[in-house]
Amino acid sequence: MKDQLLGKMDLLVLRILACGESMHGYAIAERIEQISNNVLQVGEGSLYPALHRMDEAGWIRSEWSPSENNRRARYYRISAAGRRQLVEEETEWLLAAEAITRVLRLA
Amino acid sequence: MAVFRRILNAFRSERLDRELEEELEFHRQTSAARFQDRGLGAAEAEAEAKRRMGNLLVARDEMRDARTVGWLASSLEDLRHGLFLLRRDPGVSGLIVLVLALGIGGNAAVFTLLKAAFLDPLPYSGAGQLVNVIENDGWIPTVSEFLEIRKHTRTLEEMAFAEYRDMQLSGTGEPTRVFAARVTASFFPLLGVNASLGRTFLEEENRPGSPPVVILSNAFWRSRMGSDPGVLGRTLRLDGQPAVVVGVLPPNFHFDYPTMGAPEPVDLYAPYPVEAPVSFERAANGQGVPVWVMGRLREGVTLEQVESDLWDTALVLARENTSPFPGHPHDPAMFAFNVMTLRDAMVGTQRSLLWLLLGGVAVLLLIACANTAQLLLARSLRRAREIAVRAALGASRLRLIRQFLLEGLVLACCGGAAGLLVAGWMARVLTSLLPVRSPLFASAHVDLRAVGFTLLASMISALVFAIIPAVKSSRWTPGPSLSARVATGEGNRWRHAMIAIEATLSVFLLCGAGLVAQNLWKLIHTPMGFNPQHVLAMRLQLPFGKLEQPDPRAGVALQQYVDKVEAIPGVEAAATVTGPPLRPARGGGPIQLVGMSDPGTFGWSHQISPDYFRTLRIPLLAGRTFRPSDAGRKITVGIVNEEFARHFGLGPNIVGKQIADSEGPITIVGLVGTVRADRLETKPSPECYYSFLQISWPNVHLLVRSTMPTAQLLKQVKAAIASANPDQAVFGVQTMNDLIADSLTEPRFDVYLIGAFAVLAVAMAAAGMYSVISFLVSQRTSEIAIRMALGASRGAIIKEVLGVTSLWVVAGLAGGLGLGLAANKTLRSLTETEAAGSPEMYAAVLLFFLVVTLVAAYLPARRASRLDPAIALRCE
């Protein structure tokens, strides 16, 4: 289900980072896949542009630090603006999801 | 913040790319490590990680876009591409940069001159409030007028004047001449300058009879006094009188503008002995000492208010002073004064020179731009395939235009930078070539404003020369552009238009050059009314105290000198005169004849010794010349010139008539031929000569006619004068022929200047035509070959090749001629040219340009006509 998460990439990334840990791109992708039981496959082609876009928008902050295998990696952390954005997108998604569920059930 | 970082990122795309790659590489390696954990072999894990990630080309672009300002990054990319292309074609690029450097550098140089003249702060405190008072008709006020203005003015709060003169410094070896300014005590405070050693003048030192003092200029103190710090209190002998040094001026101070009466730097300053003038009347008639009057505006006063204030003064003066001619009261206009800002006075007539220079360099830059556009057009044609490929890959038209403009900008900025490097040097060279000394221009320097101007000039020229190639070349048609054969005929209209513009501009400059050349020719061939051969001129300044008044002793002293000089064997004749031909007369005023209703005229007056006419071989037409017996304290006899007689409608009958004068009538005893009295350009005017034994100034020119070699003659003349008075300095020695050449300096400079501009313009236009015709020929090689193969004659080919081009050139010629005729009046006023351009001159200009055109067109046309059709067609 690689392509379905197009458009909701921001929401997922922000939600993962909202746990407070700072993570590199691979870890974020891995976490999304694990939690979704491998239903959601994160493509690098959309993950990294999204990370860079959000970094420029100020929702997340990036920083180069040494990683577990001693190579330099870019770590991302959520910012206050990112948390506000997360609340907004989360609410929007839940409303939409609920609406779609109702339609599917009642139609 | 984020925006700044994005702009910054545009300039460090390499680092950005490196980071992107590093991040993705980290991802791939981590991914590979995970696959290995799950049991894959190292190589398999690597391969799987690579496969999973794909090549991410689009993602990379998206990331880059997120990080930078898109248009900026792509512009920089274009710029890099442009630089690469320019480097690939170093010959053409170098040529373009060189031509632009000359064009932009020339403009920057003239800008620094303009800046020095109009923008740079003057080295005087509160210079914006300083004004110069002049008379209505371009004269300057006299001391008595200065006193009247100072008494009546309500708008000027402080006033001062300066008067420049030669003085004799004696007592140490051979008497030498120094250039001095005599000023009021208020002069230094007005300009806001203090002495660096000692003091400036005191108010009471302007009173006649106070002990003479002197202030040295810094240059004089250094060169003549050996920078002696103990110079204060030393006594110098000036004009035979002891004067005590009371001060030395700071090194950066100078107030010696040729436009304000100081032809050379001032060596020393002395206080002017201001006394009650002999008669205000005589002063107003131009017989007083003219001085350069300056004042400081009161707070909030405008120039118009000062002028109306001065007009009130003129009305008072006209009322208070009785006219020498009964029944003709004074016209207040006679006492009218004008004011102009000090800066305007300093720039003075040099203003027209600036406009001339600016016009010249601007036209040259335009031609340089047209040529650059030609070269870029030719190059863009060779790049047609590259353009087509880029367009096919999705580059928008705007992006292509931007690419061309950016390339133009790179060229223009290189040219501008090179131009800026030489601008300061060019400004100095221009200043040194000028026919006049100009302290204002000498202070010209390149500063931030000049850099800004150069940048602006570069950008404008980039726009001018790159816009046509840009618009032209970005329009592409897929079929022919992508095929190997280049479409022919494209852009030729623009190429021709450019030729026409170049022809217009260079013919325009040629017309200007022709006009001033014709003027110079006319001036050289103007009959002068005297014979300058074998006449040596020099200046004498009698060491008398009161130089501002005619002194009866002067004539007697001069008579002694003339007698001694005439006694030298080999000297044919010698005479003194206050204003020899081509040097300004010393005095003049309104002249009326006794018993004639004619309202009179303005006449110049000269005081001469009896042999003056014989020395210069000016013909005596009627009556007699002066005799030693024409002496006394009052002017009783005069000699007039032909122009004078013509003005009053009289021929030789003028002899015997009388000139009205406040001190009694003056009988006209002789009539002489008219000489070109002032400059060569000016029309002859009525002139009177008076005997130096009746009225004489102590400042004269001595003329000696002899066939002896100059050096030998000068030595003997100096010895003869020294035998009469050992304190007498002789200076300003020149042959009469040199004096004439001197008076032609400015017209000759105009010819050189405009001529140089025109020659450069024609050379560039010729180069442009040569390159265009060559280009057209190479473009049409196969067509010409086919025509030849089909039997076309050489003549027919040449006609074919040159046909359209010559039409455009002729159009350009007509345009240039029209422009030249239209600007005729402006140019004549800028160069003070009397001659209107003759049809022959314009014909010569056209012929010259046509010949140049033919030469430029000949080589490529001949190449076309010598084409071997077989070889040419095989090459296709």
# chains A, B, ... in the order shown; residues from 1 in each chain; ligands from 1
$ residues_around --residues "segment 174-182 of chain B" --least-positions-apart "5" --cutoff "7 Å" --atoms "only C-alpha atoms" --output "count of residues only"
19
$ interface_residues --of "chain B" --to "chain A" --cutoff "9 Å" --atoms "only C-alpha atoms" --output "list in words"
Ala2, Val3, Arg6, Glu19, Glu22, Glu23, Leu24, Phe26, His27, Arg28, Thr30, Ser31, Arg52, Met53, Gly54, Asn55, Leu56, Leu57, Val58, Ala59, Arg60, Asp61, Glu62, Met63, Arg64, Asp65, Ala66 and Arg67 of chain B
$ write_last_selection --atoms "N, CA and C atoms" --output "CSV table (one decimal), in the first residue's frame"
chain,number,residue,atom,x,y,z
B,2,ALA,N,14.1,31.7,7.4
B,2,ALA,CA,14.1,30.5,6.5
B,2,ALA,C,14.3,31.0,5.1
B,3,VAL,N,13.8,32.1,4.7
B,3,VAL,CA,13.9,32.6,3.3
B,3,VAL,C,15.4,32.9,3.1
B,6,ARG,N,17.3,29.9,2.5
B,6,ARG,CA,17.0,29.3,1.2
B,6,ARG,C,17.7,30.1,0.1
B,19,GLU,N,24.9,16.9,1.1
B,19,GLU,CA,24.2,16.5,2.2
B,19,GLU,C,23.0,15.6,1.8
B,22,GLU,N,24.4,12.3,1.2
B,22,GLU,CA,24.9,11.6,2.4
B,22,GLU,C,23.7,11.0,3.1
B,23,GLU,N,22.6,11.8,3.2
B,23,GLU,CA,21.4,11.3,3.9
B,23,GLU,C,20.8,10.1,3.2
B,24,LEU,N,20.8,10.1,1.9
B,24,LEU,CA,20.2,9.0,1.1
B,24,LEU,C,21.1,7.8,1.2
B,26,PHE,N,23.1,7.1,3.7
B,26,PHE,CA,22.9,6.6,5.0
B,26,PHE,C,21.7,5.6,5.1
B,27,HIS,N,20.6,6.1,4.4
B,27,HIS,CA,19.4,5.3,4.4
B,27,HIS,C,19.6,4.0,3.7
B,28,ARG,N,20.4,4.0,2.6
B,28,ARG,CA,20.6,2.8,1.8
B,28,ARG,C,21.5,1.8,2.6
B,30,THR,N,21.8,1.7,5.9
B,30,THR,CA,21.0,1.2,7.1
B,30,THR,C,20.1,0.1,6.6
B,31,SER,N,19.5,0.4,5.4
B,31,SER,CA,18.6,-0.6,4.9
B,31,SER,C,19.3,-1.9,4.5
B,52,ARG,N,15.2,-1.4,-3.7
B,52,ARG,CA,14.1,-0.9,-3.0
B,52,ARG,C,14.0,0.6,-3.1
B,53,MET,N,15.2,1.3,-3.1
B,53,MET,CA,15.2,2.7,-3.2
B,53,MET,C,14.9,3.3,-4.6
B,54,GLY,N,15.3,2.6,-5.6
B,54,GLY,CA,15.1,3.1,-6.9
B,54,GLY,C,16.1,4.3,-7.1
B,55,ASN,N,15.9,5.1,-8.2
B,55,ASN,CA,17.0,6.1,-8.4
B,55,ASN,C,16.6,7.5,-7.9
B,56,LEU,N,15.3,7.7,-7.5
B,56,LEU,CA,15.0,8.9,-6.7
B,56,LEU,C,15.3,10.2,-7.4
B,57,LEU,N,15.4,10.2,-8.7
B,57,LEU,CA,15.7,11.5,-9.4
B,57,LEU,C,14.8,12.6,-9.1
B,58,VAL,N,13.5,12.3,-9.2
B,58,VAL,CA,12.5,13.3,-9.0
B,58,VAL,C,12.5,13.7,-7.5
B,59,ALA,N,12.7,12.7,-6.6
B,59,ALA,CA,12.7,13.1,-5.2
B,59,ALA,C,13.9,14.0,-4.9
B,60,ARG,N,15.0,13.8,-5.5
B,60,ARG,CA,16.2,14.7,-5.3
B,60,ARG,C,15.8,16.1,-5.7
B,61,ASP,N,15.2,16.2,-6.9
B,61,ASP,CA,14.8,17.6,-7.4
B,61,ASP,C,13.8,18.2,-6.4
B,62,GLU,N,12.9,17.4,-5.9
B,62,GLU,CA,11.9,17.9,-4.9
B,62,GLU,C,12.6,18.4,-3.7
B,63,MET,N,13.6,17.6,-3.2
B,63,MET,CA,14.3,18.0,-2.0
B,63,MET,C,15.0,19.3,-2.2
B,64,ARG,N,15.7,19.4,-3.3
B,64,ARG,CA,16.4,20.6,-3.7
B,64,ARG,C,15.5,21.8,-3.7
B,65,ASP,N,14.4,21.6,-4.4
B,65,ASP,CA,13.4,22.7,-4.5
B,65,ASP,C,12.9,23.2,-3.1
B,66,ALA,N,12.7,22.2,-2.2
B,66,ALA,CA,12.3,22.5,-0.9
B,66,ALA,C,13.3,23.4,-0.2
B,67,ARG,N,14.5,23.1,-0.5
B,67,ARG,CA,15.6,23.8,0.3
B,67,ARG,C,16.0,25.2,-0.3
$ select_by_dssp --residues "segment 433-618 of chain B" --states "strand (DSSP E)" --output "ChimeraX atom specification"
/B:535-541,571-577,587-591,601-608
$ select_by_dssp --residues "segment 49-85 of chain A" --states "alpha helix (DSSP H)" --output "ChimeraX atom specification"
/A:49-57,80-85
$ write_last_selection --atoms "C-alpha atoms" --output "PDB file, in the first residue's frame"
ATOM      1  CA  PRO A  49      11.057  15.397   0.113  1.00  0.00           C
ATOM      2  CA  ALA A  50       8.361  15.560   2.839  1.00  0.00           C
ATOM      3  CA  LEU A  51      10.999  15.742   5.585  1.00  0.00           C
ATOM      4  CA  HIS A  52      12.861  18.531   3.810  1.00  0.00           C
ATOM      5  CA  ARG A  53       9.668  20.422   3.095  1.00  0.00           C
ATOM      6  CA  MET A  54       8.575  20.223   6.732  1.00  0.00           C
ATOM      7  CA  ASP A  55      12.035  21.197   7.887  1.00  0.00           C
ATOM      8  CA  GLU A  56      11.842  24.339   5.751  1.00  0.00           C
ATOM      9  CA  ALA A  57       8.295  24.979   6.980  1.00  0.00           C
ATOM     10  CA  ALA A  80       6.242  23.439  18.717  1.00  0.00           C
ATOM     11  CA  ALA A  81       4.854  24.563  15.365  1.00  0.00           C
ATOM     12  CA  GLY A  82       4.942  20.910  14.284  1.00  0.00           C
ATOM     13  CA  ARG A  83       2.874  19.874  17.299  1.00  0.00           C
ATOM     14  CA  ARG A  84       0.220  22.478  16.463  1.00  0.00           C
ATOM     15  CA  GLN A  85       0.231  21.280  12.866  1.00  0.00           C
TER      16      GLN A  85
END
$ closest_residue --among "B:Val410, B:Leu83, B:Leu315, B:Ile501" --to "Ala811 of chain B" --atoms "only C-alpha atoms"
B:Ile501
$ residues_around --residues "Ser506 of chain B" --least-positions-apart "3" --cutoff "10 Å" --atoms "only C-alpha atoms" --output "PyMOL selection string"
chain B and resi 363-364+367+500-503+509-512+757-766+812-813+816-817+820+849
$ closest_residue --among "B:Pro599, B:Gly94, B:Pro123, B:Pro435" --to "Leu753 of chain B" --atoms "only C-alpha atoms"
B:Pro435
$ residues_around --residues "segment 671-676 of chain B" --least-positions-apart "6" --cutoff "6 Å" --atoms "only C-alpha atoms" --output "MDAnalysis selection string"
chainID B and resid 528:529 619:622 639:642 684
$ residues_around --residues "Arg61 of chain A" --least-positions-apart "6" --cutoff "7 Å" --atoms "only C-alpha atoms" --output "PyMOL selection string"
chain A and resi 55+76-79
$ closest_residue --among "B:Phe441, B:Trp808, B:Phe146, B:Phe775" --to "Ile499 of chain B" --atoms "only C-alpha atoms"
B:Trp808
$ residues_around --residues "Ala864 of chain B" --least-positions-apart "6" --cutoff "9 Å" --atoms "only C-alpha atoms" --output "list in words"
Ser774, Val777, Ser778, Thr781, Ile784, Ala785, Arg794, Ile797, Ile798 and Val801 of chain B
$ atom_distance --atom1 "atom CA of Leu249 of chain B" --atom2 "atom CA of Arg237 of chain B"
19.5 Å
$ atom_distance --atom1 "atom CA of Ala836 of chain B" --atom2 "atom CA of Leu523 of chain B"
12.8 Å
$ residues_around --residues "Ala557 of chain B" --least-positions-apart "3" --cutoff "12 Å" --atoms "only C-alpha atoms" --output "ChimeraX atom specification"
/B:540-544,551-554,560-564,576,609,692-693,696-700,721,724-725,728
$ atom_distance --atom1 "atom CA of Ile568 of chain B" --atom2 "atom CA of Leu713 of chain B"
9.0 Å
